[in-house]
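Below: final04.cif (mmCIF, C-alpha atoms)
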data_input
#
loop_
_atom_site.group_PDB
_atom_site.id
_atom_site.type_symbol
_atom_site.label_atom_id
_atom_site.label_comp_id
_atom_site.auth_asym_id
_atom_site.auth_seq_id
_atom_site.Cartn_x
_atom_site.Cartn_y
_atom_site.Cartn_z
ATOM 1 C CA MET A 253 -2.125 -52.661 -10.909
ATOM 2 C CA ARG A 254 -2.869 -56.012 -9.311
ATOM 3 C CA ARG A 255 -4.501 -57.681 -12.313
ATOM 4 C CA LEU A 256 -6.518 -54.763 -13.700
ATOM 5 C CA LYS A 257 -6.424 -55.263 -17.478
ATOM 6 C CA ASP A 258 -6.566 -52.826 -20.357
ATOM 7 C CA PHE A 259 -10.186 -51.908 -21.212
ATOM 8 C CA GLN A 260 -11.585 -53.836 -18.236
ATOM 9 C CA ILE A 261 -14.611 -52.362 -16.480
ATOM 10 C CA ALA A 262 -13.944 -50.837 -13.045
ATOM 11 C CA ARG A 263 -15.789 -48.586 -10.614
ATOM 12 C CA LEU A 264 -14.141 -45.381 -9.432
ATOM 13 C CA ASP A 265 -15.483 -43.731 -6.267
ATOM 14 C CA VAL A 266 -14.431 -40.232 -5.229
ATOM 15 C CA ALA A 267 -16.136 -38.759 -2.154
ATOM 16 C CA ASP A 268 -19.895 -39.224 -2.745
ATOM 17 C CA ALA A 269 -19.699 -39.795 -6.506
ATOM 18 C CA GLY A 270 -19.053 -43.039 -8.351
ATOM 19 C CA LEU A 271 -18.395 -43.789 -12.017
ATOM 20 C CA THR A 272 -18.370 -46.921 -14.129
ATOM 21 C CA CYS A 273 -15.186 -46.753 -16.190
ATOM 22 C CA ARG A 274 -12.940 -48.722 -18.501
ATOM 23 C CA ALA A 275 -9.187 -48.860 -18.109
ATOM 24 C CA VAL A 276 -7.664 -46.976 -21.039
ATOM 25 C CA ALA A 277 -4.126 -47.878 -19.940
ATOM 26 C CA VAL A 278 -2.567 -49.535 -16.890
ATOM 27 C CA ASP A 279 1.033 -49.657 -15.674
ATOM 28 C CA GLY A 280 2.228 -50.490 -12.175
ATOM 29 C CA PRO A 281 0.265 -48.431 -9.624
ATOM 30 C CA GLU A 282 -1.337 -46.130 -12.246
ATOM 31 C CA ALA A 283 -4.379 -46.321 -14.487
ATOM 32 C CA VAL A 284 -6.070 -43.901 -16.877
ATOM 33 C CA LEU A 285 -9.827 -44.458 -17.038
ATOM 34 C CA GLU A 286 -12.612 -43.600 -19.495
ATOM 35 C CA PRO A 287 -16.016 -43.036 -17.791
ATOM 36 C CA GLU A 288 -19.006 -44.757 -19.371
ATOM 37 C CA ARG A 289 -20.711 -41.355 -19.397
ATOM 38 C CA PRO A 290 -17.918 -38.800 -19.911
ATOM 39 C CA GLU A 291 -20.018 -35.888 -18.664
ATOM 40 C CA THR A 292 -20.268 -37.459 -15.197
ATOM 41 C CA ALA A 293 -16.524 -36.976 -14.614
ATOM 42 C CA ALA A 294 -17.230 -33.258 -14.076
ATOM 43 C CA ARG A 295 -19.079 -34.153 -10.864
ATOM 44 C CA LEU A 296 -15.951 -35.562 -9.250
ATOM 45 C CA ALA A 297 -14.079 -33.473 -6.682
ATOM 46 C CA LEU A 298 -10.617 -33.784 -8.234
ATOM 47 C CA PRO A 299 -7.936 -34.232 -7.147
ATOM 48 C CA GLY A 300 -9.182 -36.316 -4.277
ATOM 49 C CA ARG A 301 -9.006 -39.539 -2.334
ATOM 50 C CA ALA A 302 -10.524 -42.402 -4.311
ATOM 51 C CA THR A 303 -11.121 -46.130 -4.462
ATOM 52 C CA LEU A 304 -11.037 -48.320 -7.548
ATOM 53 C CA SER A 305 -12.848 -51.670 -7.570
ATOM 54 C CA PHE A 306 -13.004 -54.380 -10.232
ATOM 55 C CA GLU A 307 -13.515 -58.105 -10.653
ATOM 56 C CA THR A 308 -10.907 -60.727 -11.423
ATOM 57 C CA ALA A 309 -11.454 -64.358 -12.340
ATOM 58 C CA ARG A 310 -10.952 -65.330 -8.698
ATOM 59 C CA HIS A 311 -12.240 -62.482 -6.512
ATOM 60 C CA PRO A 312 -13.047 -58.750 -6.410
ATOM 61 C CA ILE A 313 -10.276 -56.198 -5.840
ATOM 62 C CA LEU A 314 -10.564 -52.858 -4.015
ATOM 63 C CA LEU A 315 -7.687 -50.368 -4.230
ATOM 64 C CA SER A 316 -7.271 -47.091 -2.349
ATOM 65 C CA GLY A 317 -5.443 -44.105 -3.745
ATOM 66 C CA MET A 318 -5.873 -40.736 -5.413
ATOM 67 C CA ALA A 319 -7.725 -39.588 -8.531
ATOM 68 C CA ASP A 320 -7.272 -36.561 -10.762
ATOM 69 C CA THR A 321 -8.161 -35.416 -14.259
ATOM 70 C CA GLY A 322 -6.576 -37.568 -16.948
ATOM 71 C CA PRO A 323 -3.945 -36.744 -19.550
ATOM 72 C CA ILE A 324 -6.522 -36.042 -22.294
ATOM 73 C CA PRO A 325 -10.044 -34.574 -22.037
ATOM 74 C CA GLY A 326 -12.691 -36.972 -20.779
ATOM 75 C CA THR A 327 -10.325 -39.275 -18.898
ATOM 76 C CA VAL A 328 -9.651 -39.707 -15.198
ATOM 77 C CA ARG A 329 -6.379 -40.831 -13.677
ATOM 78 C CA PHE A 330 -6.115 -43.119 -10.612
ATOM 79 C CA TRP A 331 -2.987 -44.189 -8.762
ATOM 80 C CA VAL A 332 -2.395 -46.283 -5.648
ATOM 81 C CA THR A 333 -0.867 -44.242 -2.837
ATOM 82 C CA ASP A 334 -1.091 -43.487 0.871
ATOM 83 C CA ALA A 335 -0.110 -39.860 0.306
ATOM 84 C CA VAL A 336 -2.407 -36.940 -0.412
ATOM 85 C CA GLY A 337 -1.378 -34.843 -3.397
ATOM 86 C CA VAL A 338 -0.889 -35.016 -7.145
ATOM 87 C CA ALA A 339 1.974 -37.167 -8.381
ATOM 88 C CA PRO A 340 3.499 -36.761 -11.875
ATOM 89 C CA LEU A 341 2.066 -39.009 -14.564
ATOM 90 C CA ARG A 342 4.546 -41.781 -15.377
ATOM 91 C CA LEU A 343 2.262 -44.057 -17.375
ATOM 92 C CA ARG A 344 3.395 -44.315 -21.018
ATOM 93 C CA PRO A 345 0.918 -46.524 -22.881
ATOM 94 C CA ARG A 346 1.910 -48.634 -25.866
ATOM 95 C CA LEU A 347 -0.024 -48.935 -29.085
ATOM 96 C CA ARG A 348 0.148 -51.989 -31.336
ATOM 97 C CA ALA A 349 0.860 -50.442 -34.700
ATOM 98 C CA ASP A 350 2.817 -51.096 -37.888
ATOM 99 C CA PHE A 351 4.415 -47.717 -38.603
ATOM 100 C CA PRO A 352 7.363 -47.404 -41.027
ATOM 101 C CA ALA A 353 10.714 -46.745 -39.351
ATOM 102 C CA THR A 354 14.141 -46.068 -40.835
ATOM 103 C CA VAL A 355 16.775 -47.556 -38.528
ATOM 104 C CA THR A 356 20.520 -46.824 -38.851
ATOM 105 C CA PRO A 357 23.143 -48.542 -36.649
ATOM 106 C CA LEU A 358 25.453 -46.149 -34.782
ATOM 107 C CA ALA A 359 28.830 -46.411 -33.089
ATOM 108 C CA PRO A 360 29.053 -45.383 -29.400
ATOM 109 C CA ASP A 361 30.163 -41.908 -30.553
ATOM 110 C CA GLY A 362 27.021 -41.580 -32.725
ATOM 111 C CA ALA A 363 28.657 -42.102 -36.112
ATOM 112 C CA PRO A 364 26.755 -44.350 -38.565
ATOM 113 C CA VAL A 365 28.342 -47.816 -38.899
ATOM 114 C CA GLY A 366 25.979 -49.368 -41.411
ATOM 115 C CA PRO A 367 23.325 -48.610 -43.978
ATOM 116 C CA PRO A 368 19.797 -47.594 -42.936
ATOM 117 C CA ALA A 369 17.108 -50.290 -42.957
ATOM 118 C CA LEU A 370 13.416 -49.683 -43.607
ATOM 119 C CA LEU A 371 11.470 -51.649 -40.968
ATOM 120 C CA MET A 372 7.995 -51.696 -39.445
ATOM 121 C CA THR A 373 7.099 -51.278 -35.815
ATOM 122 C CA VAL A 374 5.278 -53.914 -33.769
ATOM 123 C CA ASP A 375 4.223 -51.414 -31.123
ATOM 124 C CA VAL A 376 5.056 -47.830 -30.200
ATOM 125 C CA SER A 377 5.123 -45.650 -27.091
ATOM 126 C CA ALA A 378 6.730 -42.332 -26.231
ATOM 127 C CA GLY A 379 9.461 -44.355 -24.530
ATOM 128 C CA GLY A 380 10.371 -46.750 -27.322
ATOM 129 C CA ALA A 381 9.187 -49.243 -29.912
ATOM 130 C CA GLY A 382 9.227 -52.842 -31.001
ATOM 131 C CA LEU A 383 10.882 -53.278 -34.411
ATOM 132 C CA ALA A 384 9.853 -56.238 -36.548
ATOM 133 C CA GLY A 385 12.696 -58.013 -38.364
ATOM 134 C CA HIS A 386 15.413 -55.997 -36.588
ATOM 135 C CA VAL A 387 18.545 -57.975 -35.717
ATOM 136 C CA ALA A 388 20.861 -56.259 -33.223
ATOM 137 C CA ALA A 389 22.500 -56.969 -29.874
ATOM 138 C CA PRO A 390 21.117 -55.463 -26.661
ATOM 139 C CA GLY A 391 22.908 -52.245 -25.808
ATOM 140 C CA THR A 392 23.621 -51.207 -29.386
ATOM 141 C CA LEU A 393 22.720 -47.683 -30.474
ATOM 142 C CA HIS A 394 20.632 -46.713 -33.507
ATOM 143 C CA ALA A 395 19.186 -43.639 -35.162
ATOM 144 C CA ILE A 396 15.421 -43.862 -35.643
ATOM 145 C CA GLU A 397 13.172 -41.950 -38.017
ATOM 146 C CA LEU A 398 9.598 -42.999 -37.332
ATOM 147 C CA SER A 399 6.494 -41.888 -39.215
ATOM 148 C CA VAL A 400 3.511 -41.569 -36.840
ATOM 149 C CA PRO A 401 0.058 -40.686 -38.252
ATOM 150 C CA GLY A 402 -1.170 -37.449 -36.714
ATOM 151 C CA LEU A 403 2.300 -35.908 -36.398
ATOM 152 C CA PRO A 404 3.339 -33.321 -39.013
ATOM 153 C CA GLN A 405 6.977 -34.483 -38.950
ATOM 154 C CA PRO A 406 8.604 -37.896 -38.394
ATOM 155 C CA VAL A 407 9.855 -38.724 -34.913
ATOM 156 C CA VAL A 408 13.658 -38.498 -35.109
ATOM 157 C CA CYS A 409 15.846 -39.627 -32.213
ATOM 158 C CA ARG A 410 18.393 -42.160 -31.050
ATOM 159 C CA ALA A 411 17.395 -45.466 -29.524
ATOM 160 C CA ARG A 412 19.155 -48.264 -27.691
ATOM 161 C CA VAL A 413 18.253 -51.944 -28.040
ATOM 162 C CA VAL A 414 17.008 -53.168 -24.660
ATOM 163 C CA ARG A 415 16.117 -56.763 -25.556
ATOM 164 C CA ARG A 416 15.560 -59.202 -28.363
ATOM 165 C CA LEU A 417 12.012 -60.213 -29.280
ATOM 166 C CA ALA A 418 10.752 -63.252 -31.159
ATOM 167 C CA THR A 419 9.830 -60.842 -33.963
ATOM 168 C CA GLY A 420 12.834 -58.487 -33.757
ATOM 169 C CA THR A 421 14.002 -56.103 -31.027
ATOM 170 C CA ALA A 422 12.653 -53.694 -28.434
ATOM 171 C CA VAL A 423 14.362 -50.296 -28.380
ATOM 172 C CA ALA A 424 14.206 -47.445 -25.866
ATOM 173 C CA PHE A 425 14.386 -43.860 -27.131
ATOM 174 C CA THR A 426 17.324 -42.076 -25.519
ATOM 175 C CA ASP A 427 16.964 -38.433 -26.591
ATOM 176 C CA LEU A 428 13.403 -37.901 -27.777
ATOM 177 C CA ASP A 429 12.319 -34.277 -27.384
ATOM 178 C CA ASP A 430 9.976 -33.856 -24.390
ATOM 179 C CA GLY A 431 7.403 -31.987 -26.464
ATOM 180 C CA VAL A 432 7.347 -34.696 -29.128
ATOM 181 C CA ALA A 433 7.114 -37.388 -26.436
ATOM 182 C CA GLY A 434 4.126 -35.633 -24.892
ATOM 183 C CA THR A 435 2.409 -35.421 -28.282
ATOM 184 C CA VAL A 436 2.984 -39.147 -28.906
ATOM 185 C CA ASP A 437 1.574 -39.932 -25.452
ATOM 186 C CA ARG A 438 -1.575 -37.909 -26.141
ATOM 187 C CA LEU A 439 -2.103 -39.524 -29.534
ATOM 188 C CA ILE A 440 -1.829 -43.017 -28.041
ATOM 189 C CA PHE A 441 -4.127 -42.153 -25.123
ATOM 190 C CA ALA A 442 -6.672 -40.783 -27.619
ATOM 191 C CA VAL A 443 -6.633 -43.995 -29.679
ATOM 192 C CA ARG A 444 -7.027 -46.125 -26.565
ATOM 193 C CA GLN A 445 -9.816 -43.836 -25.353
ATOM 194 C CA ARG A 446 -11.718 -44.486 -28.582
ATOM 195 C CA VAL A 447 -11.283 -48.246 -28.062
ATOM 196 C CA ALA A 448 -12.710 -47.913 -24.536
ATOM 197 C CA ARG A 449 -15.709 -45.928 -25.804
ATOM 198 C CA ALA A 450 -16.354 -48.499 -28.544
ATOM 199 C CA ALA A 451 -16.231 -51.282 -25.958
ATOM 200 C CA PHE A 452 -18.857 -49.457 -23.866
ATOM 201 C CA ALA A 453 -21.040 -49.166 -26.962
ATOM 202 C CA ARG A 454 -20.735 -52.913 -27.535
ATOM 203 C CA GLY A 455 -21.461 -53.642 -23.882
ATOM 204 C CA ARG A 456 -18.562 -56.052 -23.473
ATOM 205 C CA GLY A 457 -16.456 -56.721 -20.386
ATOM 206 C CA PHE A 458 -13.240 -56.445 -22.397
ATOM 207 C CA ALA A 459 -12.353 -54.820 -25.707
#

Since I need it in another form, could you write the structure as structure tokens?
Amino acid sequence: MRRLKDFQIARLDVADAGLTCRAVAVDGPEAVLEPERPETAARLALPGRATLSFETARHPILLSGMADTGPIPGTVRFWVTDAVGVAPLRLRPRLRADFPATVTPLAPDGAPVGPPALLMTVDVSAGGAGLAGHVAAPGTLHAIELSVPGLPQPVVCRARVVRRLATGTAVAFTDLDDGVAGTVDRLIFAVRQRVARAAFARGRGFA
């Protein structure tokens, strides 16, 4: 979103009300925001036309768009648009985390073609993960069993390698259940929300 950074301070204005916020997560034209005083979000007329302003190293930025309630309680969502109306949330934040993952290589038909490997994640989102120490070619298919704190059962799905990383590979989940994906999203938003609140308590420009 034009140089808005995670956990950066921004001002959200909706109608006659304005809030000082931190960016919980940013991707493309969307941002999820944590108000400095969460109770003030109730004063906003949502959904509604909004502006988001913030400082960069070179100059201030002012964006026009829409705002609505966020994906978890206490947050507000902003997206850049010329249209009036609520658009579906597409933002899938990542969380840097070292969660254990069992990774099994699969043939194109889904049959295992090698032994499972116990690896650790570099980061996780509801759309995929970074796998430390994983060696595989882009496009190859794997079965993933991922243990995520806060979930009663491991995340089990297939994943395709999308690119190599200096530390391993990045994989995209191909058949993750929508309900599980939504739960993972909410957990990650909640962790990032706590980081934003802690940054407000410290009074810093960035977390």

### Task
Apply the PyMOL selection byres ((chain A and resi 402) around 12) to the displayed file and report the matching residues as a ChimeraX atom specification.
/A:351,399-401,403-407,432,435-440,442-443

### Message
I'd like the residues picked by the PyMOL selection byres ((chain A and resi 342) around 10) written out as a list in words, using the chain letters and numbers from the file.
### Response
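Listing what the PyMOL selection byres ((chain A and resi 342) around 10) selects in the shown file: Asp279, Gly280, Pro281, Glu282, Ala339, Pro340, Leu341, Leu343, Arg344 and Pro345 of chain A.
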
#### Entry: Matched chain/residue IDs from the PyMOL selection byres ((chain A and resi 380) around 10), as a list in words
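Given this file, the PyMOL selection byres ((chain A and resi 380) around 10) evaluates to Arg344, Arg346, Asp375, Val376, Ser377, Ala378, Gly379, Ala381, Gly382, Leu383, Arg410, Ala411, Arg412, Val413, Val414, Ala422, Val423, Ala424, Phe425, Thr426, Leu428 and Ala433 of chain A.
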
### Query
If I put a ball of radius 12 Å at (0.3, -34.2, -4.7) in the file's coordinates, which residues poke into it when counting all atoms listed in the file, written as a ChimeraX atom specification?
/A:298-301,317-320,331,333-341

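Every protein, DNA or RNA residue with an atom at most 12 Å from Thr303 in chain A, where only C-alpha atoms count and chain neighbours fewer than 5 positions away do not, is listed here: Ala262, Arg263, Leu264, Asp265, Val266, Ala267, Asp268, Ala269, Gly270, Leu271, Ile313, Leu314, Leu315, Ser316, Gly317, Met318, Ala319, Arg329, Phe330, Trp331, Val332, Thr333 and Asp334 of chain A.
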
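Distances to Val276 in chain A were evaluated for A:Thr392, A:Leu358, A:Phe441, A:Asp350 using all atoms listed in the file, and the minimum falls at A:Phe441.
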
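Here CA of Ala302 in chain A and CA of Val278 in chain A stand 16.5 Å from one another.
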
### Query
CA of Phe306 in chain A to CA of Ala277 in chain A: how many Å, to one decimal?
14.7 Å

### Message
Please report the interatomic distance between CA of Glu288 in chain A and CA of Pro325 in chain A in Å with one decimal.
### Response
13.8 Å
